[in-house]
Every structure is written in C-alpha cells, then in structure tokens.
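The next block is structure_21.txt, given as compact mmCIF, C-alpha atoms.
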# COMPACT_ATOMS: atom_id res chain seq x y z
CA MET S 1 -57.76 100.64 -67.13
CA LYS S 2 -57.14 97.76 -64.68
CA ARG S 3 -56.35 98.34 -61.05
CA ALA S 4 -53.44 96.42 -59.51
CA LYS S 5 -54.47 93.94 -56.85
CA ALA S 6 -53.17 94.90 -53.43
CA PHE S 7 -54.05 94.65 -49.76
CA THR S 8 -55.96 97.49 -48.27
CA LEU S 9 -54.84 99.23 -45.14
CA VAL S 10 -57.74 97.70 -43.20
CA GLU S 11 -56.74 94.16 -44.23
CA ILE S 12 -53.14 94.73 -43.16
CA LEU S 13 -54.26 96.13 -39.79
CA ILE S 14 -56.48 93.08 -39.19
CA VAL S 15 -53.54 90.74 -39.85
CA VAL S 16 -51.27 92.72 -37.52
CA VAL S 17 -53.88 92.64 -34.74
CA LEU S 18 -54.37 88.87 -35.16
CA LEU S 19 -50.59 88.28 -34.99
CA GLY S 20 -50.43 90.40 -31.83
CA VAL S 21 -53.19 88.36 -30.18
CA LEU S 22 -51.45 85.08 -31.08
CA ALA S 23 -48.13 86.38 -29.74
CA ALA S 24 -49.82 87.40 -26.47
CA ILE S 25 -51.09 83.83 -26.08
CA VAL S 26 -47.87 82.00 -27.04
CA ILE S 27 -45.14 84.08 -25.35
CA PRO S 28 -46.22 83.42 -21.71
CA ALA S 29 -46.26 79.68 -22.42
CA PHE S 30 -42.62 79.81 -23.54
CA ALA S 31 -41.61 82.04 -20.64
CA ASN S 32 -42.92 79.44 -18.16
CA SER S 33 -41.08 76.54 -19.82
CA GLY S 34 -37.73 77.41 -18.20
CA SER S 35 -39.22 77.24 -14.72
CA LEU S 36 -40.95 73.95 -15.51
CA ALA S 37 -37.65 72.50 -16.75
CA ARG S 38 -35.84 73.52 -13.53
CA GLU S 39 -38.65 71.99 -11.43
CA SER S 40 -38.42 68.73 -13.35
CA THR S 41 -34.63 68.69 -13.07
CA LEU S 42 -34.78 69.29 -9.32
CA SER S 43 -37.27 66.45 -8.86
CA THR S 44 -35.08 64.10 -10.92
CA ASN S 45 -31.91 65.11 -9.02
CA LEU S 46 -33.59 64.46 -5.67
CA LYS S 47 -34.80 61.04 -6.84
CA LEU S 48 -31.25 60.20 -7.93
CA LEU S 49 -29.74 61.28 -4.61
CA ARG S 50 -32.42 59.47 -2.59
CA ARG S 51 -31.88 56.28 -4.58
CA PHE S 52 -28.12 56.53 -4.00
CA MET S 53 -28.68 56.97 -0.26
CA LEU S 54 -30.98 53.92 -0.07
CA ILE S 55 -28.62 51.65 -1.98
CA TYR S 56 -25.57 52.88 -0.09
CA THR S 57 -27.27 52.37 3.29
CA SER S 58 -28.36 48.84 2.43
CA GLN S 59 -24.82 47.89 1.39
CA HIS S 60 -22.98 49.53 4.29
CA LEU S 61 -24.32 47.95 7.48
CA GLU S 62 -27.39 50.24 7.48
CA VAL S 63 -25.23 53.36 7.91
CA GLY S 64 -26.07 56.21 5.54
CA PRO S 65 -23.55 58.15 3.46
CA GLY S 66 -21.71 61.06 5.04
CA TYR S 67 -20.42 59.38 8.18
CA PRO S 68 -16.60 59.18 8.25
CA ASN S 69 -15.45 55.54 8.16
CA GLY S 70 -19.06 54.41 8.54
CA ASN S 71 -19.19 55.59 12.17
CA ALA S 72 -22.87 56.52 12.66
CA SER S 73 -22.08 58.35 15.90
CA ALA S 74 -19.64 60.72 14.17
CA THR S 75 -20.66 64.06 12.67
CA PRO S 76 -21.57 63.56 9.00
CA LEU S 77 -19.55 65.60 6.50
CA ASP S 78 -20.22 66.93 3.00
CA GLN S 79 -16.84 65.72 1.68
CA THR S 80 -17.38 62.24 3.11
CA PHE S 81 -20.82 62.11 1.46
CA ARG S 82 -19.23 63.10 -1.87
CA ASP S 83 -16.43 60.55 -1.55
CA GLN S 84 -18.83 57.77 -0.65
CA ALA S 85 -21.01 58.67 -3.64
CA MET S 86 -18.26 59.05 -6.25
CA LEU S 87 -15.53 56.64 -5.14
CA SER S 88 -15.44 52.93 -4.38
CA SER S 89 -16.03 51.93 -0.78
CA ASN S 90 -15.80 48.96 1.53
CA VAL S 91 -18.57 47.75 3.82
CA GLN S 92 -17.34 50.06 6.63
CA GLY S 93 -17.74 53.15 4.41
CA GLN S 94 -14.05 53.82 3.85
CA THR S 95 -13.33 55.05 0.31
CA ALA S 96 -10.66 54.44 -2.31
CA ALA S 97 -10.17 54.85 -6.04
CA ARG S 98 -12.24 52.67 -8.37
CA GLY S 99 -10.75 49.21 -8.73
CA THR S 100 -8.97 49.15 -5.37
CA VAL S 101 -8.97 45.62 -3.97
CA GLY S 102 -11.37 45.22 -1.03
CA TYR S 103 -13.46 48.27 -2.00
CA ASP S 104 -16.25 46.45 -3.79
CA TYR S 105 -19.09 48.98 -3.61
CA GLY S 106 -19.71 52.04 -5.76
CA PRO S 107 -19.10 54.44 -7.23
CA TYR S 108 -22.78 55.30 -7.24
CA LEU S 109 -22.67 58.72 -8.91
CA SER S 110 -20.26 60.37 -11.33
CA LYS S 111 -20.91 63.74 -9.64
CA ILE S 112 -23.30 65.41 -7.23
CA PRO S 113 -25.92 67.11 -9.42
CA ALA S 114 -26.29 70.86 -9.00
CA ASN S 115 -29.52 72.28 -7.67
CA PRO S 116 -31.03 73.91 -10.80
CA PHE S 117 -32.44 76.86 -8.85
CA ASN S 118 -29.25 78.05 -7.15
CA GLY S 119 -26.56 76.22 -9.16
CA LEU S 120 -24.94 74.75 -6.03
CA ASP S 121 -23.95 71.11 -5.50
CA THR S 122 -22.89 71.50 -1.87
CA ILE S 123 -24.64 69.52 0.84
CA GLN S 124 -25.40 70.78 4.33
CA MET S 125 -25.12 67.69 6.51
CA LEU S 126 -27.29 67.62 9.63
CA ALA S 127 -25.86 66.00 12.75
CA ASN S 128 -27.69 63.20 14.53
CA GLY S 129 -30.69 64.61 16.37
CA GLN S 130 -30.58 67.90 14.46
CA ASN S 131 -33.83 68.97 12.78
CA PHE S 132 -34.23 70.29 9.28
CA PRO S 133 -34.51 74.08 9.06
CA ALA S 134 -38.03 75.45 8.63
CA ALA S 135 -37.31 76.46 5.02
CA GLY S 136 -34.58 76.47 2.41
CA ASP S 137 -32.32 79.53 2.19
CA ASP S 138 -30.33 78.79 -1.02
CA SER S 139 -27.01 78.63 0.89
CA HIS S 140 -26.37 75.02 -0.26
CA GLY S 141 -27.58 72.82 -3.05
CA TYR S 142 -29.15 70.28 -0.70
CA ILE S 143 -29.71 69.56 2.99
CA CYS S 144 -29.16 65.96 4.10
CA LYS S 145 -30.00 64.10 7.28
CA PRO S 146 -28.18 60.76 6.93
CA GLU S 147 -29.51 59.55 10.27
CA THR S 148 -32.99 59.22 8.69
CA GLY S 149 -31.99 58.97 5.02
CA GLU S 150 -33.69 62.25 4.10
CA ILE S 151 -32.44 64.83 1.62
CA ARG S 152 -34.12 68.07 0.57
CA ALA S 153 -33.41 70.86 -1.87
CA ASP S 154 -32.04 73.97 -0.16
CA SER S 155 -34.23 76.21 -2.29
CA SER S 156 -36.56 79.03 -1.43
CA GLY S 157 -39.62 79.64 -3.55
CA THR S 158 -42.54 77.61 -4.81
CA ASP S 159 -43.55 75.95 -8.06
CA GLY S 160 -46.58 76.82 -10.19
CA ARG S 161 -48.83 74.71 -7.96
CA GLY S 162 -47.70 76.50 -4.80
CA VAL S 163 -45.52 73.61 -3.54
CA ALA S 164 -42.26 74.74 -1.93
CA TYR S 165 -39.14 73.45 -3.70
CA TYR S 166 -37.89 72.61 -0.21
CA ALA S 167 -40.75 70.10 0.11
CA TYR S 168 -39.99 68.20 -3.12
Any chance you could put this one into structure tokens?
Amino acid sequence: MKRAKAFTLVEILIVVVLLGVLAAIVIPAFANSGSLARESTLSTNLKLLRRFMLIYTSQHLEVGPGYPNGNASATPLDQTFRDQAMLSSNVQGQTAARGTVGYDYGPYLSKIPANPFNGLDTIQMLANGQNFPAAGDDSHGYICKPETGEIRADSSGTDGRGVAYYAY
C-alpha cells in the first residue's frame, strides 16, 4: 500500500513562520513610504515656490510677489501673491488676465501647491520687518517673507532624519 504524498504539520508551520518573518520585515517599509512621499512633495513644492519668487522679483523691479501694485512699502497680501503667481502682470506688479496687452510677465504657476502635510495652500504673508515664527503651527500651507524672498512650510513635525518640515 502506497502512502499519499503530503506536507506534514511541521513543514506547514515552518512555512507560516517564515512568511510571518518576511511580513514583519516588509510591512514597516511600506508604512514609511507615505511619509517619504509627502516629504519629497513638500521639498519639490518649496523649490517651485522659491523659483517663482526669484523669477518674479527679477522681472518686477526687484520687488517680491505679494505687494499690492508692486509697492514694497505696503503690507503684502496672500491674494496679491496668488494673483501675481497665477495671472499676467506688468513690471509694476499689477495683474490682469493672460493675454492682456501691457501685462507681459507670467503667469508663473497654474495654482499654489498644497502643503502635503496639512493640505492647505494658503500663505501667511509677513510684513516688512516681521520675523518668522519660531515654528510652524499648521494654520497655513506656507509662510512667506517677500521682503527677503523667503518662504517656509507652515508644518509642525520632523522627517525621518529629525529635520523640522518648517526648516525645509
């Protein structure tokens, strides 16, 4: 009489244990991938916004975006920053729809990118002489100081290396 070939209970248990060990190694790597993607997106968004600010400033009499009508002594505004980024503008920083005669610069961005950690695209504009807050509080997408051309993520928390998102 021939015995049917089959796995023993010990062999099955060994396979189950090996699969459990592999899962314990692989699952944390996938769990961390979402955070890494948000960190990369934030870094890319900040580079995009910083590049926009540099180009805009060089084309608009060395006045950064956010100042109404290009008046560097006025209080910078979020809506003005948005308009100057997404509409056409003249050298004085006044904005108009794309293709308007005399408004030869821009648009530079199709939209303000959202901060991937808090989902906000709003910008807290700092007045001339005002300092950046000590840390981000997630109340806006970004914090901008057009007087110096700086922009930071308004995000609390740190990345896997211990670097604050606010310092990106």
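Closest approach to Asp104 in chain S from the set S:Glu147, S:Gly70, S:Ser139, S:Gln59 is made by S:Gln59, with distances taken over all atoms listed in the file.
If you look at CA of Leu46 in chain S and CA of Gln79 in chain S, they are 18.3 Å away from each other.
In terms of minimum interatomic distance to Thr75 in chain S, S:Met125 ranks closest within S:Met53, S:Ile14, S:Met125, S:Ile143, counting all atoms listed in the file.
Take CA of Asp121 in chain S and CA of Gly157 in chain S: the distance between them is 17.9 Å.
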- Item | Shortest interatomic distance to Phe132 in chain S - which of S:Asp154, S:Ile55, S:Tyr67, S:Asn115, counting all atoms listed in the file | S:Asp154
- Note on the structure: Atom pair CA of Ser110 in chain S + CA of Glu39 in chain S, distance 21.8 Å
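The shell of residues at most 10 Å from Thr100 in chain S, with only C-alpha atoms counted and near chain neighbours (fewer than 2 positions) removed, consists of Leu87, Ser88, Ser89, Asn90, Thr95, Ala96, Ala97, Arg98, Gly102, Tyr103 and Asp104 of chain S.
Checking S:Val101, S:Val91, S:Val21, S:Val26 one by one against Asn71 in chain S, counting all atoms listed in the file, you find the shortest gap at S:Val91.
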- Note on the structure: Residue with the minimum atom-to-atom distance to Tyr166 in chain S, picked from S:Leu42, S:Leu9, S:Val15, S:Met86 with all atoms listed in the file counted, is S:Leu42
- Can you pull out every residue within 12 Å of Leu54 in chain S, counting all atoms listed in the file, but drop anything in the same chain fewer than 3 positions away, and send it as an NGL selection string? :S and (47-51 or 57-65 or 85 or 108 or 146-151)
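Nearest-residue note for Gln130 in chain S: choosing from S:Arg38, S:Lys145, S:Arg161, S:Arg152, the minimum distance belongs to S:Lys145, counting only C-alpha atoms.
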- Query: What's the 12 Å shell around range 30-36 of chain S, counting only C-alpha atoms, without same-chain residues fewer than 2 positions away, as a PyMOL selection string?
  - Reply: chain S and resi 23-28+38-43+116-117+157-161+165
Let me know the centre plus edge lengths, in Å and rounded to one decimal, of a box with edges along x, y and z that contains all listed atoms of range 130-141 of chain S and is padded by 3 Å on every side, as JSON.
{"center_x": -32.2, "center_y": 73.7, "center_z": 5.7, "size_x": 17.7, "size_y": 17.6, "size_z": 23.5}
Would it be fine to have range 5-38 of chain S, with N, CA and C atoms, given as a PDB file, in the first residue's frame?
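Once written, selection32.pdb looks like this:
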ATOM      1  N   LYS S   5       1.505  11.427  -0.929  1.00  0.00           N
ATOM      2  CA  LYS S   5       2.477  12.442  -0.548  1.00  0.00           C
ATOM      3  C   LYS S   5       1.744  13.698  -0.090  1.00  0.00           C
ATOM      4  N   ALA S   6       2.143  14.193   1.076  1.00  0.00           N
ATOM      5  CA  ALA S   6       1.509  15.387   1.631  1.00  0.00           C
ATOM      6  C   ALA S   6       2.505  16.091   2.537  1.00  0.00           C
ATOM      7  N   PHE S   7       2.192  17.349   2.843  1.00  0.00           N
ATOM      8  CA  PHE S   7       3.037  18.108   3.764  1.00  0.00           C
ATOM      9  C   PHE S   7       2.705  17.690   5.189  1.00  0.00           C
ATOM     10  N   THR S   8       3.713  17.669   6.002  1.00  0.00           N
ATOM     11  CA  THR S   8       3.472  17.371   7.407  1.00  0.00           C
ATOM     12  C   THR S   8       3.106  18.659   8.116  1.00  0.00           C
ATOM     13  N   LEU S   9       2.582  18.529   9.279  1.00  0.00           N
ATOM     14  CA  LEU S   9       2.202  19.692  10.076  1.00  0.00           C
ATOM     15  C   LEU S   9       3.419  20.545  10.411  1.00  0.00           C
ATOM     16  N   VAL S  10       4.543  19.961  10.657  1.00  0.00           N
ATOM     17  CA  VAL S  10       5.772  20.682  10.969  1.00  0.00           C
ATOM     18  C   VAL S  10       6.208  21.510   9.761  1.00  0.00           C
ATOM     19  N   GLU S  11       6.151  20.950   8.568  1.00  0.00           N
ATOM     20  CA  GLU S  11       6.543  21.687   7.361  1.00  0.00           C
ATOM     21  C   GLU S  11       5.626  22.896   7.137  1.00  0.00           C
ATOM     22  N   ILE S  12       4.365  22.730   7.333  1.00  0.00           N
ATOM     23  CA  ILE S  12       3.412  23.829   7.162  1.00  0.00           C
ATOM     24  C   ILE S  12       3.682  24.929   8.187  1.00  0.00           C
ATOM     25  N   LEU S  13       3.954  24.553   9.438  1.00  0.00           N
ATOM     26  CA  LEU S  13       4.251  25.538  10.474  1.00  0.00           C
ATOM     27  C   LEU S  13       5.521  26.319  10.149  1.00  0.00           C
ATOM     28  N   ILE S  14       6.532  25.653   9.618  1.00  0.00           N
ATOM     29  CA  ILE S  14       7.776  26.336   9.237  1.00  0.00           C
ATOM     30  C   ILE S  14       7.510  27.375   8.148  1.00  0.00           C
ATOM     31  N   VAL S  15       6.716  27.034   7.158  1.00  0.00           N
ATOM     32  CA  VAL S  15       6.372  27.967   6.084  1.00  0.00           C
ATOM     33  C   VAL S  15       5.602  29.166   6.640  1.00  0.00           C
ATOM     34  N   VAL S  16       4.652  28.921   7.523  1.00  0.00           N
ATOM     35  CA  VAL S  16       3.868  30.009   8.110  1.00  0.00           C
ATOM     36  C   VAL S  16       4.767  30.950   8.916  1.00  0.00           C
ATOM     37  N   VAL S  17       5.690  30.395   9.690  1.00  0.00           N
ATOM     38  CA  VAL S  17       6.612  31.222  10.472  1.00  0.00           C
ATOM     39  C   VAL S  17       7.493  32.053   9.549  1.00  0.00           C
ATOM     40  N   LEU S  18       8.024  31.466   8.488  1.00  0.00           N
ATOM     41  CA  LEU S  18       8.860  32.201   7.535  1.00  0.00           C
ATOM     42  C   LEU S  18       8.069  33.335   6.870  1.00  0.00           C
ATOM     43  N   LEU S  19       6.839  33.096   6.489  1.00  0.00           N
ATOM     44  CA  LEU S  19       6.004  34.144   5.895  1.00  0.00           C
ATOM     45  C   LEU S  19       5.747  35.266   6.905  1.00  0.00           C
ATOM     46  N   GLY S  20       5.551  34.922   8.155  1.00  0.00           N
ATOM     47  CA  GLY S  20       5.360  35.929   9.200  1.00  0.00           C
ATOM     48  C   GLY S  20       6.590  36.803   9.388  1.00  0.00           C
ATOM     49  N   VAL S  21       7.777  36.197   9.358  1.00  0.00           N
ATOM     50  CA  VAL S  21       9.020  36.951   9.492  1.00  0.00           C
ATOM     51  C   VAL S  21       9.194  37.891   8.303  1.00  0.00           C
ATOM     52  N   LEU S  22       8.949  37.408   7.103  1.00  0.00           N
ATOM     53  CA  LEU S  22       9.054  38.261   5.912  1.00  0.00           C
ATOM     54  C   LEU S  22       8.068  39.428   5.965  1.00  0.00           C
ATOM     55  N   ALA S  23       6.841  39.151   6.408  1.00  0.00           N
ATOM     56  CA  ALA S  23       5.841  40.219   6.512  1.00  0.00           C
ATOM     57  C   ALA S  23       6.276  41.262   7.537  1.00  0.00           C
ATOM     58  N   ALA S  24       6.871  40.827   8.638  1.00  0.00           N
ATOM     59  CA  ALA S  24       7.331  41.766   9.666  1.00  0.00           C
ATOM     60  C   ALA S  24       8.443  42.665   9.138  1.00  0.00           C
ATOM     61  N   ILE S  25       9.209  42.188   8.188  1.00  0.00           N
ATOM     62  CA  ILE S  25      10.283  42.990   7.598  1.00  0.00           C
ATOM     63  C   ILE S  25       9.733  43.953   6.549  1.00  0.00           C
ATOM     64  N   VAL S  26       8.809  43.520   5.730  1.00  0.00           N
ATOM     65  CA  VAL S  26       8.325  44.292   4.582  1.00  0.00           C
ATOM     66  C   VAL S  26       7.280  45.339   4.964  1.00  0.00           C
ATOM     67  N   ILE S  27       6.380  45.059   5.859  1.00  0.00           N
ATOM     68  CA  ILE S  27       5.270  45.966   6.168  1.00  0.00           C
ATOM     69  C   ILE S  27       5.755  47.324   6.684  1.00  0.00           C
ATOM     70  N   PRO S  28       6.717  47.409   7.603  1.00  0.00           N
ATOM     71  CA  PRO S  28       7.169  48.748   8.031  1.00  0.00           C
ATOM     72  C   PRO S  28       7.767  49.575   6.896  1.00  0.00           C
ATOM     73  N   ALA S  29       8.408  48.934   5.944  1.00  0.00           N
ATOM     74  CA  ALA S  29       8.972  49.670   4.813  1.00  0.00           C
ATOM     75  C   ALA S  29       7.867  50.330   3.993  1.00  0.00           C
ATOM     76  N   PHE S  30       6.760  49.645   3.795  1.00  0.00           N
ATOM     77  CA  PHE S  30       5.638  50.220   3.052  1.00  0.00           C
ATOM     78  C   PHE S  30       4.926  51.287   3.865  1.00  0.00           C
ATOM     79  N   ALA S  31       4.840  51.118   5.157  1.00  0.00           N
ATOM     80  CA  ALA S  31       4.173  52.096   6.010  1.00  0.00           C
ATOM     81  C   ALA S  31       4.923  53.428   5.978  1.00  0.00           C
ATOM     82  N   ASN S  32       6.220  53.414   5.853  1.00  0.00           N
ATOM     83  CA  ASN S  32       7.048  54.619   5.840  1.00  0.00           C
ATOM     84  C   ASN S  32       7.030  55.314   4.478  1.00  0.00           C
ATOM     85  N   SER S  33       6.619  54.631   3.443  1.00  0.00           N
ATOM     86  CA  SER S  33       6.672  55.209   2.094  1.00  0.00           C
ATOM     87  C   SER S  33       5.746  56.409   1.930  1.00  0.00           C
ATOM     88  N   GLY S  34       4.603  56.431   2.605  1.00  0.00           N
ATOM     89  CA  GLY S  34       3.691  57.573   2.514  1.00  0.00           C
ATOM     90  C   GLY S  34       4.315  58.832   3.073  1.00  0.00           C
ATOM     91  N   SER S  35       4.990  58.701   4.197  1.00  0.00           N
ATOM     92  CA  SER S  35       5.661  59.850   4.809  1.00  0.00           C
ATOM     93  C   SER S  35       6.798  60.355   3.926  1.00  0.00           C
ATOM     94  N   LEU S  36       7.550  59.431   3.349  1.00  0.00           N
ATOM     95  CA  LEU S  36       8.644  59.822   2.456  1.00  0.00           C
ATOM     96  C   LEU S  36       8.111  60.554   1.223  1.00  0.00           C
ATOM     97  N   ALA S  37       6.977  60.116   0.709  1.00  0.00           N
ATOM     98  CA  ALA S  37       6.379  60.771  -0.459  1.00  0.00           C
ATOM     99  C   ALA S  37       5.939  62.191  -0.111  1.00  0.00           C
ATOM    100  N   ARG S  38       5.332  62.383   1.076  1.00  0.00           N
ATOM    101  CA  ARG S  38       4.915  63.735   1.485  1.00  0.00           C
ATOM    102  C   ARG S  38       6.136  64.645   1.683  1.00  0.00           C
TER     103      ARG S  38
END
